[in-house]
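> So that you have it, the file is entry24.pdb, and it contains PDB, C-alpha atoms:
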```pdb
ATOM      1  CA  MET A  72      93.598 -58.005 -23.451
ATOM      2  CA  ARG A  73      92.121 -56.629 -26.651
ATOM      3  CA  ASP A  74      88.982 -55.419 -24.905
ATOM      4  CA  THR A  75      90.796 -53.414 -22.208
ATOM      5  CA  PRO A  76      89.571 -49.986 -23.417
ATOM      6  CA  THR A  77      85.976 -51.251 -23.532
ATOM      7  CA  ARG A  78      86.249 -52.771 -20.059
ATOM      8  CA  LEU A  79      87.644 -49.534 -18.652
ATOM      9  CA  ARG A  80      84.907 -47.418 -20.243
ATOM     10  CA  TYR A  81      82.269 -49.658 -18.710
ATOM     11  CA  LEU A  82      84.069 -49.602 -15.354
ATOM     12  CA  HIS A  83      83.921 -45.803 -15.260
ATOM     13  CA  GLN A  84      80.175 -45.943 -16.000
ATOM     14  CA  VAL A  85      79.759 -48.377 -13.103
ATOM     15  CA  LEU A  86      81.803 -46.237 -10.729
ATOM     16  CA  ALA A  87      79.655 -43.202 -11.558
ATOM     17  CA  GLU A  88      76.560 -45.223 -10.550
ATOM     18  CA  LEU A  89      77.962 -46.808  -7.404
ATOM     19  CA  TYR A  90      80.147 -43.974  -6.118
ATOM     20  CA  PRO A  91      78.323 -40.688  -6.820
ATOM     21  CA  PRO A  92      80.174 -37.429  -6.130
ATOM     22  CA  GLY A  93      80.724 -36.941  -2.417
ATOM     23  CA  THR A  94      82.864 -34.981  -0.011
ATOM     24  CA  SER A  95      86.258 -36.426  -0.946
ATOM     25  CA  ARG A  96      88.013 -38.796  -3.280
ATOM     26  CA  GLY A  97      89.881 -41.967  -2.537
ATOM     27  CA  SER A  98      91.944 -44.181  -4.797
ATOM     28  CA  ARG A  99      91.593 -47.792  -5.928
ATOM     29  CA  THR A 100      93.887 -50.160  -7.808
ATOM     30  CA  LEU A 101      93.225 -52.244 -10.897
ATOM     31  CA  LEU A 102      94.495 -55.799 -10.562
ATOM     32  CA  PRO A 103      96.432 -57.572 -11.857
ATOM     33  CA  HIS A 104      97.367 -54.480 -13.936
ATOM     34  CA  ARG A 105      95.793 -51.559 -15.789
ATOM     35  CA  LEU A 106      96.514 -53.351 -19.058
ATOM     36  CA  VAL A 107      94.799 -56.508 -17.804
ATOM     37  CA  PRO A 108      91.954 -55.101 -15.680
ATOM     38  CA  ARG A 109      90.038 -57.743 -13.753
ATOM     39  CA  ARG A 110      89.289 -56.306 -10.311
ATOM     40  CA  LEU A 111      89.220 -52.845  -8.764
ATOM     41  CA  VAL A 112      90.347 -53.138  -5.146
ATOM     42  CA  PRO A 113      90.984 -50.783  -2.205
ATOM     43  CA  ARG A 114      94.464 -49.330  -2.585
ATOM     44  CA  THR A 115      97.335 -50.322  -0.296
ATOM     45  CA  ARG A 116     100.939 -49.151  -0.064
ATOM     46  CA  TRP A 117     102.430 -51.885  -2.200
ATOM     47  CA  HIS A 118     100.060 -50.989  -5.057
ATOM     48  CA  ALA A 119     102.261 -47.941  -5.799
ATOM     49  CA  ALA A 120     104.456 -50.263  -7.854
ATOM     50  CA  LEU A 121     101.509 -50.830 -10.213
ATOM     51  CA  GLY A 122     101.219 -47.180 -11.163
ATOM     52  CA  ARG A 123      98.620 -44.535 -10.436
ATOM     53  CA  GLY A 124      95.340 -45.454  -8.853
ATOM     54  CA  VAL A 125      91.773 -45.005 -10.060
ATOM     55  CA  PRO A 126      90.027 -42.087  -8.295
ATOM     56  CA  VAL A 127      86.760 -43.047  -6.606
ATOM     57  CA  TRP A 128      84.439 -40.771  -4.649
ATOM     58  CA  ASP A 129      83.926 -41.290  -0.935
ATOM     59  CA  GLY A 130      80.844 -40.033   0.843
ATOM     60  CA  PRO A 131      77.667 -40.876   2.725
ATOM     61  CA  ASP A 132      75.764 -42.295  -0.258
ATOM     62  CA  THR A 133      77.954 -44.872  -1.977
ATOM     63  CA  ILE A 134      77.275 -48.545  -2.507
ATOM     64  CA  GLU A 135      79.756 -49.286   0.277
ATOM     65  CA  THR A 136      77.883 -47.157   2.813
ATOM     66  CA  HIS A 137      74.619 -48.791   1.743
ATOM     67  CA  LEU A 138      76.028 -52.304   2.104
ATOM     68  CA  SER A 139      77.536 -51.381   5.466
ATOM     69  CA  GLN A 140      74.106 -50.297   6.663
ATOM     70  CA  VAL A 141      72.161 -53.337   5.465
ATOM     71  CA  LEU A 142      74.831 -55.850   6.560
ATOM     72  CA  GLY A 143      75.505 -54.182   9.899
ATOM     73  CA  ARG A 144      79.286 -53.918   9.530
ATOM     74  CA  ARG A 145      81.836 -51.837   7.678
ATOM     75  CA  ILE A 146      82.118 -53.094   4.115
ATOM     76  CA  ARG A 147      84.819 -52.473   1.522
ATOM     77  CA  ALA A 148      83.888 -53.477  -2.001
ATOM     78  CA  VAL A 149      85.946 -55.040  -4.761
ATOM     79  CA  VAL A 150      84.457 -54.254  -8.179
ATOM     80  CA  HIS A 151      84.759 -56.871 -10.912
ATOM     81  CA  VAL A 152      85.835 -55.334 -14.224
ATOM     82  CA  ARG A 153      83.579 -57.182 -16.613
ATOM     83  CA  PRO A 154      83.336 -57.369 -20.405
ATOM     84  CA  ALA A 155      80.946 -54.668 -21.552
ATOM     85  CA  ARG A 156      79.447 -56.533 -24.502
ATOM     86  CA  ARG A 157      77.241 -58.927 -22.561
ATOM     87  CA  ALA A 158      73.467 -59.043 -22.663
ATOM     88  CA  ASN A 159      73.240 -59.691 -18.931
ATOM     89  CA  ARG A 160      76.030 -57.298 -17.981
ATOM     90  CA  LYS A 161      75.696 -55.767 -14.561
ATOM     91  CA  PRO A 162      78.019 -54.574 -11.818
ATOM     92  CA  VAL A 163      79.254 -57.462  -9.660
ATOM     93  CA  LEU A 164      81.061 -56.761  -6.412
ATOM     94  CA  GLU A 165      82.752 -58.654  -3.622
ATOM     95  CA  ALA A 166      81.772 -57.482  -0.137
ATOM     96  CA  HIS A 167      84.630 -57.663   2.380
ATOM     97  CA  ASP A 168      84.598 -56.973   6.096
ATOM     98  CA  GLU A 169      87.646 -56.872   8.351
ATOM     99  CA  ASP A 170      87.889 -60.679   8.248
ATOM    100  CA  GLY A 171      87.713 -61.014   4.470
ATOM    101  CA  LEU A 172      85.177 -61.944   1.803
ATOM    102  CA  ILE A 173      81.637 -62.402   3.150
ATOM    103  CA  ALA A 174      79.349 -62.034   0.141
ATOM    104  CA  PHE A 175      78.910 -61.272  -3.548
ATOM    105  CA  VAL A 176      76.711 -58.437  -4.743
ATOM    106  CA  LYS A 177      74.846 -58.130  -8.030
ATOM    107  CA  ILE A 178      73.509 -54.754  -9.115
ATOM    108  CA  GLY A 179      70.621 -54.534 -11.582
ATOM    109  CA  ASP A 180      71.259 -51.277 -13.431
ATOM    110  CA  SER A 181      69.140 -51.823 -16.568
ATOM    111  CA  ASP A 182      65.669 -53.189 -17.165
ATOM    112  CA  ARG A 183      67.030 -56.574 -18.250
ATOM    113  CA  ALA A 184      69.575 -56.749 -15.433
ATOM    114  CA  ARG A 185      66.901 -55.837 -12.870
ATOM    115  CA  GLU A 186      64.717 -58.690 -14.115
ATOM    116  CA  LEU A 187      67.577 -61.171 -13.881
ATOM    117  CA  VAL A 188      68.656 -60.026 -10.420
ATOM    118  CA  ARG A 189      65.092 -60.178  -9.056
ATOM    119  CA  HIS A 190      64.579 -63.593 -10.615
ATOM    120  CA  GLU A 191      67.789 -64.960  -9.105
ATOM    121  CA  GLY A 192      66.734 -63.776  -5.658
ATOM    122  CA  GLU A 193      63.402 -65.558  -6.018
ATOM    123  CA  VAL A 194      65.093 -68.747  -7.214
ATOM    124  CA  LEU A 195      67.591 -68.768  -4.354
ATOM    125  CA  ARG A 196      64.868 -68.284  -1.750
ATOM    126  CA  MET A 197      62.916 -71.119  -3.329
ATOM    127  CA  LEU A 198      65.994 -73.366  -3.200
ATOM    128  CA  ALA A 199      66.568 -72.433   0.440
ATOM    129  CA  ASP A 200      63.042 -73.625   1.255
ATOM    130  CA  HIS A 201      63.694 -76.962  -0.470
ATOM    131  CA  PRO A 202      67.329 -77.978   0.162
ATOM    132  CA  MET A 203      68.906 -80.421  -2.265
ATOM    133  CA  LYS A 204      71.236 -83.295  -1.445
ATOM    134  CA  VAL A 205      73.877 -82.793  -4.138
ATOM    135  CA  VAL A 206      73.640 -79.135  -5.144
ATOM    136  CA  VAL A 207      74.650 -76.309  -2.794
ATOM    137  CA  PRO A 208      73.530 -72.843  -3.950
ATOM    138  CA  PRO A 209      74.377 -69.571  -2.211
ATOM    139  CA  SER A 210      71.816 -68.060   0.138
ATOM    140  CA  VAL A 211      70.234 -64.615  -0.060
ATOM    141  CA  VAL A 212      71.767 -62.283   2.502
ATOM    142  CA  HIS A 213      69.889 -59.171   1.355
ATOM    143  CA  GLN A 214      67.711 -58.065  -1.537
ATOM    144  CA  GLY A 215      66.380 -54.573  -2.054
ATOM    145  CA  THR A 216      66.806 -51.352  -3.996
ATOM    146  CA  TRP A 217      69.242 -48.466  -3.712
ATOM    147  CA  ARG A 218      69.157 -45.291  -5.813
ATOM    148  CA  GLY A 219      66.814 -47.037  -8.254
ATOM    149  CA  LEU A 220      69.125 -50.039  -8.650
ATOM    150  CA  GLU A 221      68.249 -53.630  -7.763
ATOM    151  CA  VAL A 222      70.678 -55.006  -5.172
ATOM    152  CA  LEU A 223      71.127 -58.716  -4.444
ATOM    153  CA  VAL A 224      73.644 -59.858  -1.821
ATOM    154  CA  VAL A 225      74.382 -63.595  -1.711
ATOM    155  CA  SER A 226      76.619 -65.658   0.534
ATOM    156  CA  ALA A 227      80.150 -66.529  -0.545
ATOM    157  CA  LEU A 228      80.494 -70.271  -1.120
ATOM    158  CA  PRO A 229      83.627 -72.205  -0.005
ATOM    159  CA  VAL A 230      84.971 -72.622  -3.531
ATOM    160  CA  THR A 231      87.839 -75.079  -4.053
ATOM    161  CA  ALA A 232      90.208 -75.796  -6.922
ATOM    162  CA  ALA A 233      89.414 -79.503  -6.857
ATOM    163  CA  PRO A 234      88.278 -81.050 -10.161
ATOM    164  CA  VAL A 235      84.572 -81.791 -10.507
ATOM    165  CA  PRO A 236      84.027 -85.481 -11.413
ATOM    166  CA  ARG A 237      81.571 -86.142 -14.201
ATOM    167  CA  GLY A 238      79.495 -88.323 -11.901
ATOM    168  CA  LEU A 239      79.018 -85.395  -9.539
ATOM    169  CA  ARG A 240      78.062 -83.085 -12.415
ATOM    170  CA  ASP A 241      75.556 -85.588 -13.744
ATOM    171  CA  ALA A 242      74.043 -86.057 -10.275
ATOM    172  CA  ALA A 243      73.658 -82.275  -9.996
ATOM    173  CA  VAL A 244      72.067 -82.021 -13.450
ATOM    174  CA  ALA A 245      69.576 -84.743 -12.547
ATOM    175  CA  GLU A 246      68.754 -83.124  -9.201
ATOM    176  CA  ILE A 247      68.163 -79.677 -10.712
ATOM    177  CA  ALA A 248      66.058 -81.193 -13.494
ATOM    178  CA  SER A 249      63.919 -83.171 -11.044
ATOM    179  CA  PHE A 250      63.555 -80.197  -8.721
ATOM    180  CA  GLY A 251      62.276 -78.068 -11.592
ATOM    181  CA  ARG A 252      59.805 -80.768 -12.585
ATOM    182  CA  ARG A 253      58.410 -81.022  -9.042
ATOM    183  CA  ARG A 254      58.251 -77.260  -8.722
ATOM    184  CA  THR A 255      56.266 -76.849 -11.926
ATOM    185  CA  ALA A 256      53.888 -79.658 -11.012
ATOM    186  CA  THR A 257      53.064 -78.191  -7.582
ATOM    187  CA  HIS A 258      53.408 -74.423  -7.997
ATOM    188  CA  GLY A 259      53.809 -73.603 -11.679
ATOM    189  CA  PRO A 260      56.643 -71.418 -12.978
ATOM    190  CA  LEU A 261      58.151 -68.667 -10.862
ATOM    191  CA  PRO A 262      56.924 -65.117 -11.550
ATOM    192  CA  GLY A 263      59.204 -63.652 -14.173
ATOM    193  CA  GLU A 264      60.677 -67.038 -15.085
ATOM    194  CA  PRO A 265      61.753 -67.059 -18.717
ATOM    195  CA  ALA A 266      59.565 -69.261 -20.850
ATOM    196  CA  TRP A 267      60.965 -72.053 -23.004
ATOM    197  CA  PRO A 268      60.515 -70.435 -26.419
ATOM    198  CA  ARG A 269      60.893 -71.712 -29.931
ATOM    199  CA  SER A 270      63.754 -70.000 -31.680
ATOM    200  CA  GLN A 271      62.628 -67.475 -34.268
ATOM    201  CA  ALA A 272      65.433 -68.795 -36.459
ATOM    202  CA  VAL A 273      63.579 -72.044 -37.022
ATOM    203  CA  SER A 274      60.099 -71.758 -35.496
ATOM    204  CA  ALA A 275      58.506 -70.585 -38.720
ATOM    205  CA  ARG A 276      59.755 -73.706 -40.495
ATOM    206  CA  MET A 277      58.660 -76.047 -37.711
ATOM    207  CA  SER A 278      55.311 -74.595 -36.626
ATOM    208  CA  GLY A 279      52.998 -77.248 -35.276
ATOM    209  CA  THR A 280      55.817 -79.642 -34.412
ATOM    210  CA  PRO A 281      55.060 -81.384 -31.066
ATOM    211  CA  LEU A 282      57.390 -80.686 -28.178
ATOM    212  CA  HIS A 283      59.860 -83.272 -27.028
ATOM    213  CA  ASP A 284      58.068 -85.945 -24.970
ATOM    214  CA  HIS A 285      60.501 -85.360 -22.120
ATOM    215  CA  ALA A 286      59.766 -81.629 -21.734
ATOM    216  CA  GLY A 287      58.836 -80.429 -18.283
ATOM    217  CA  TRP A 288      62.177 -80.535 -16.453
ATOM    218  CA  GLY A 289      64.215 -77.765 -14.862
ATOM    219  CA  TRP A 290      67.639 -76.403 -15.724
ATOM    220  CA  HIS A 291      70.093 -74.018 -14.097
ATOM    221  CA  GLY A 292      70.433 -72.091 -17.336
ATOM    222  CA  ASP A 293      74.190 -71.454 -17.213
ATOM    223  CA  PHE A 294      75.597 -74.733 -15.899
ATOM    224  CA  ALA A 295      79.149 -74.008 -17.037
ATOM    225  CA  PRO A 296      82.633 -74.604 -15.558
ATOM    226  CA  TRP A 297      82.875 -71.032 -14.236
ATOM    227  CA  ASN A 298      79.703 -71.457 -12.147
ATOM    228  CA  LEU A 299      80.620 -74.761 -10.443
ATOM    229  CA  SER A 300      83.038 -75.979  -7.787
ATOM    230  CA  ALA A 301      83.499 -79.204  -5.877
ATOM    231  CA  ALA A 302      82.551 -78.653  -2.236
ATOM    232  CA  PRO A 303      84.803 -79.905   0.577
ATOM    233  CA  ASP A 304      82.013 -82.293   1.665
ATOM    234  CA  GLY A 305      81.687 -83.947  -1.759
ATOM    235  CA  ARG A 306      78.680 -81.977  -2.981
ATOM    236  CA  LEU A 307      78.636 -79.466  -5.841
ATOM    237  CA  LEU A 308      78.641 -75.711  -5.285
ATOM    238  CA  VAL A 309      76.555 -74.004  -7.968
ATOM    239  CA  TRP A 310      76.045 -70.252  -8.283
ATOM    240  CA  ASP A 311      74.683 -67.679 -10.744
ATOM    241  CA  TRP A 312      71.047 -68.869 -10.896
ATOM    242  CA  GLU A 313      69.601 -65.928 -12.805
ATOM    243  CA  ARG A 314      68.770 -68.078 -15.863
ATOM    244  CA  PHE A 315      67.005 -70.891 -13.976
ATOM    245  CA  ALA A 316      63.880 -72.080 -15.790
ATOM    246  CA  THR A 317      61.509 -75.011 -15.935
ATOM    247  CA  GLY A 318      59.521 -76.759 -18.648
ATOM    248  CA  VAL A 319      62.512 -77.821 -20.754
ATOM    249  CA  PRO A 320      63.614 -81.251 -22.037
ATOM    250  CA  LEU A 321      65.756 -83.372 -19.776
ATOM    251  CA  GLY A 322      69.507 -82.829 -20.042
ATOM    252  CA  PHE A 323      69.772 -79.158 -20.999
ATOM    253  CA  ASP A 324      72.380 -78.440 -18.298
ATOM    254  CA  ALA A 325      74.631 -81.318 -19.375
ATOM    255  CA  LEU A 326      74.439 -80.108 -22.973
ATOM    256  CA  HIS A 327      75.163 -76.529 -21.945
ATOM    257  CA  TYR A 328      78.244 -77.614 -20.006
ATOM    258  CA  TYR A 329      79.578 -79.546 -22.997
ATOM    259  CA  PHE A 330      78.752 -76.821 -25.530
ATOM    260  CA  ASN A 331      80.551 -74.109 -23.533
ATOM    261  CA  ARG A 332      83.651 -76.268 -23.178
ATOM    262  CA  ALA A 333      83.545 -77.026 -26.897
ATOM    263  CA  LEU A 334      83.367 -73.311 -27.702
ATOM    264  CA  ARG A 335      86.800 -72.865 -26.129
ATOM    265  CA  ARG A 336      88.397 -74.874 -28.910
ATOM    266  CA  MET A 337      85.876 -74.794 -31.790
ATOM    267  CA  ARG A 338      83.998 -72.269 -33.861
ATOM    268  CA  PRO A 339      80.316 -71.988 -32.866
ATOM    269  CA  ALA A 340      78.994 -73.902 -35.877
ATOM    270  CA  VAL A 341      81.441 -76.758 -35.264
ATOM    271  CA  ALA A 342      80.660 -76.777 -31.533
ATOM    272  CA  ALA A 343      76.935 -76.971 -32.297
ATOM    273  CA  ARG A 344      77.447 -79.953 -34.587
ATOM    274  CA  SER A 345      79.630 -81.593 -31.937
ATOM    275  CA  CYS A 346      76.991 -81.022 -29.263
ATOM    276  CA  LEU A 347      74.397 -82.741 -31.425
ATOM    277  CA  ALA A 348      76.749 -85.603 -32.312
ATOM    278  CA  GLN A 349      77.762 -86.231 -28.678
ATOM    279  CA  ALA A 350      74.265 -85.902 -27.220
ATOM    280  CA  GLY A 351      73.731 -89.662 -26.955
ATOM    281  CA  LEU A 352      76.799 -90.148 -24.767
ATOM    282  CA  LEU A 353      76.175 -86.967 -22.763
ATOM    283  CA  LEU A 354      72.583 -87.854 -21.882
ATOM    284  CA  GLU A 355      72.914 -91.626 -21.561
ATOM    285  CA  PRO A 356      73.282 -91.324 -17.735
ATOM    286  CA  PHE A 357      69.779 -89.792 -17.606
ATOM    287  CA  GLY A 358      68.106 -92.730 -19.333
ATOM    288  CA  LEU A 359      67.523 -91.097 -22.707
ATOM    289  CA  SER A 360      67.792 -93.070 -25.900
ATOM    290  CA  SER A 361      70.077 -91.799 -28.630
ATOM    291  CA  ALA A 362      67.129 -90.355 -30.549
ATOM    292  CA  GLU A 363      65.715 -88.661 -27.434
ATOM    293  CA  ALA A 364      69.120 -87.222 -26.589
ATOM    294  CA  ARG A 365      69.562 -85.757 -30.046
ATOM    295  CA  ARG A 366      66.100 -84.176 -29.848
ATOM    296  CA  SER A 367      67.031 -82.643 -26.503
ATOM    297  CA  ALA A 368      70.240 -81.289 -28.030
ATOM    298  CA  ALA A 369      68.330 -79.838 -30.953
ATOM    299  CA  HIS A 370      65.896 -78.088 -28.617
ATOM    300  CA  TYR A 371      68.756 -76.874 -26.428
ATOM    301  CA  LEU A 372      70.557 -75.207 -29.335
ATOM    302  CA  ILE A 373      67.328 -73.594 -30.510
ATOM    303  CA  THR A 374      66.587 -72.332 -26.998
ATOM    304  CA  LEU A 375      70.078 -70.850 -26.664
ATOM    305  CA  ALA A 376      69.766 -69.057 -30.006
ATOM    306  CA  ASP A 377      66.393 -67.713 -28.922
ATOM    307  CA  ARG A 378      67.876 -66.447 -25.637
ATOM    308  CA  HIS A 379      70.536 -64.544 -27.529
ATOM    309  CA  HIS A 380      67.889 -63.106 -29.861
ATOM    310  CA  ARG A 381      65.679 -61.945 -26.981
ATOM    311  CA  ASP A 382      68.664 -60.482 -25.139
ATOM    312  CA  GLY A 383      69.586 -58.431 -28.185
ATOM    313  CA  HIS A 384      73.160 -59.708 -28.087
ATOM    314  CA  GLU A 385      74.555 -62.630 -30.080
ATOM    315  CA  PRO A 386      77.931 -63.636 -28.596
ATOM    316  CA  LEU A 387      78.244 -66.545 -31.021
ATOM    317  CA  GLY A 388      77.392 -64.399 -34.008
ATOM    318  CA  PRO A 389      74.121 -64.524 -35.949
ATOM    319  CA  SER A 390      72.266 -67.808 -35.525
ATOM    320  CA  SER A 391      72.066 -67.937 -39.322
ATOM    321  CA  LEU A 392      75.786 -68.772 -39.248
ATOM    322  CA  TRP A 393      76.049 -71.287 -36.398
ATOM    323  CA  LEU A 394      72.536 -72.733 -36.054
ATOM    324  CA  ASN A 395      70.946 -72.577 -39.485
ATOM    325  CA  PRO A 396      73.426 -75.059 -40.998
ATOM    326  CA  LEU A 397      71.836 -77.623 -38.670
ATOM    327  CA  VAL A 398      68.239 -76.598 -39.314
ATOM    328  CA  ASP A 399      67.514 -79.131 -42.063
ATOM    329  CA  HIS A 400      68.815 -81.908 -39.820
ATOM    330  CA  LEU A 401      67.000 -80.520 -36.790
ATOM    331  CA  GLU A 402      63.677 -80.615 -38.637
ATOM    332  CA  SER A 403      64.003 -84.376 -39.011
ATOM    333  CA  LEU A 404      64.630 -84.689 -35.264
ATOM    334  CA  LEU A 405      61.870 -82.372 -34.084
TER     335      LEU A 405
END
```
Mind converting the file's structure to structure tokens?


Amino acid sequence: MRDTPTRLRYLHQVLAELYPPGTSRGSRTLLPHRLVPRRLVPRTRWHAALGRGVPVWDGPDTIETHLSQVLGRRIRAVVHVRPARRANRKPVLEAHDEDGLIAFVKIGDSDRARELVRHEGEVLRMLADHPMKVVVPPSVVHQGTWRGLEVLVVSALPVTAAPVPRGLRDAAVAEIASFGRRRTATHGPLPGEPAWPRSQAVSARMSGTPLHDHAGWGWHGDFAPWNLSAAPDGRLLVWDWERFATGVPLGFDALHYYFNRALRRMRPAVAARSCLAQAGLLLEPFGLSSAEARRSAAHYLITLADRHHRDGHEPLGPSSLWLNPLVDHLESLL
């Protein structure tokens, strides 16, 4: 992994926040290996074959003691070793009791991360009050603060390795979109919900352009392969709701799913062109005409570029390189 040193530097920052100096030190193990750090787990005897452990403070005021108190049982945490260069980066932990994994924990340790963690908690409580037929989100087990950090504990879903059929994905996209539309009509947007902005990369050139006629729907915000799993009962497990928003054109989640898969094999500019070209087929199941679908795709790409701009981190590179080549064509669609 070329980013191993960066991951490890960020991990040590996280450990200093979550395991402040205490009365003694324990040891943890990086898995699958120090050179490929993915998870920091409690150390066991057989881990000696993997080399020296990572020292971690024990004491009365660690994240593990806090979680043990709020969950009413002894908790051991597994820390995910995450890429550091992410706009929404935050510590993510697995909470284990003596029987195994019981929950996931998100820690808001920056202003932006706190906003996202609080927003996700609000979204999940809202979804719990209005259960869906196709989509199964996690439930909120605990939400609060600890040492100035925002803490959100959510249930662990019964994730499977089964493939997710397109029909199931499309049904989930439609259900989330319709739910967002009903929510906005009856209650308005959630407090702190990100607005649907016009990208600064193109807004100046398209000021006064009317919004897509089909605006007003909801979207998960990161409906991507790594946030989905087929449930044993035939429904779709969907997690990581911190980017949920309403007031967008129909089909954003389907476009986001396609675009992220395309990015695995294409450069961003090529993936953006492909997303626009395939929009008609992608959004046909939702009743959109080819022209409507392409307008939705154009708005989706603009919205994504705007998100990256507002986050202060552009994982696809400057929008001038991957979005601007489409701007002239987008103007004719919008």

> Pick out the residues sitting within 8 Å of segment 320-325 of chain A, and hand them over as a list in words; count all atoms listed in the file, and ignore anything fewer than 5 positions along from it in its own chain.

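Here the qualifying residues turn out to be Arg240, Asp241, Val244, Ala245, Ala248, His283, Asp284, His285, Ala286, Gly287, Trp288, Gly289, Trp290, His291, Gly292, Asp293, Phe294, Leu353, Leu354, Phe357, Ala364, Ser367, Ala368, His370 and Tyr371 of chain A.
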
> Specify as a ChimeraX atom specification each residue included when the PyMOL selection byres ((chain A and resi 121) around 10) is applied to this file.

/A:100-105,117-120,122-124

> Just give me the gap between atom CA of Ile247 of chain A and atom CA of Ala232 of chain A in Å, one decimal is fine.

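Distance reported for this atom pair: 22.7 Å.
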
> What does the distance from atom CA of His137 of chain A to atom CA of Leu228 of chain A come to in Å, to one decimal?

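If I compute the distance from atom CA of His137 of chain A to atom CA of Leu228 of chain A, I get 22.5 Å.
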
> Would you please work out which residue, of A:Arg185, A:Arg145, A:Arg252, A:Arg306, is nearest to Leu239 of chain A when using only C-alpha atoms?

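Once distances to Leu239 of chain A are computed over only C-alpha atoms, the minimum belongs to A:Arg306.
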
> Have a look at atom CA of Val341 of chain A and atom CA of Val309 of chain A and let me know their distance in Å, one decimal.

27.9 Å

> Env of Val194 of chain A: 12 Å cut, atoms = only C-alpha atoms, seq-sep filter 4 positions within chain, self excluded. Answer as a VMD selection string.

chain A and resid 187 to 190 198 to 201 208 to 211 225 247 250 to 251 254 260 to 264 289 to 292 310 to 317

> To test your reading of the syntax: which residues would the PyMOL selection byres ((chain A and resi 74-76) around 7) return for the file shown? Reply as a count of residues only.

9

> Would you pick out the contacts of Arg335 of chain A at 12 Å or less, using all atoms listed in the file, so that residues sharing its chain but fewer than 6 positions from it are not included, and give the list as a list in words?

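After dropping sequence-adjacent residues, the list is Ala295, Pro296, Tyr328, Tyr329, Val341, Ala342 and Leu387 of chain A.
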
> Residues of segment 328-351 of chain A that approach segment 374-380 of chain A to 12 Å or less, counting all atoms listed in the file: could you list each one with the shortest pair of atoms and its distance in Å to one decimal, rows by chain and increasing residue number, as CSV?


```
residue,atom,partner,partner_atom,distance
A:Phe330,CA,A:Leu375,CA,10.6
A:Asn331,CA,A:Leu375,CA,11.4
A:Pro339,CA,A:Ala376,CA,11.3
A:Ala340,CA,A:Ala376,CA,12.0
A:Ala343,CA,A:Leu375,CA,10.8
```

> If you count only C-alpha atoms, which residues fall within 6 Å of Gly97 of chain A, apart from same-chain ones fewer than 5 positions away, as a ChimeraX atom specification?

/A:126-128

> Quick one: of A:Leu299, A:Leu89, A:Ala333, A:Leu394, who's nearest to Gly130 of chain A, counting all atoms listed in the file?

A:Leu89

> Of the residues A:Ala166, A:Ile373, A:Ile134, A:Val212, which is the one nearest to Arg147 of chain A, using all atoms listed in the file?

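The shortest atom-to-atom distance to Arg147 of chain A comes from A:Ala166.
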
> Taking all atoms of segment 379-387 of chain A that the file lists, what box with edges along x, y and z, padded by 8 Å per side, do you get, with centre and edge lengths in Å to one decimal, as AutoDock Vina command-line options?


```
--center_x 72.0 --center_y -62.5 --center_z -28.1 --size_x 28.6 --size_y 24.1 --size_z 21.9
```

> Using all atoms listed in the file, which of the listed residues (A:Leu307, A:Ala369, A:Leu86, A:Ala242) sits closest to Gly351 of chain A?

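Checking each of A:Leu307, A:Ala369, A:Leu86, A:Ala242 against Gly351 of chain A, counting all atoms listed in the file, the winner is A:Ala369.
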
> For a quick check of understanding, using all atoms listed in the file, which of A:Leu164, A:Leu347, A:Met337, A:Val150 has the smallest distance to Arg366 of chain A?

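Comparing A:Leu164, A:Leu347, A:Met337, A:Val150 against Arg366 of chain A, the winner is A:Leu347.
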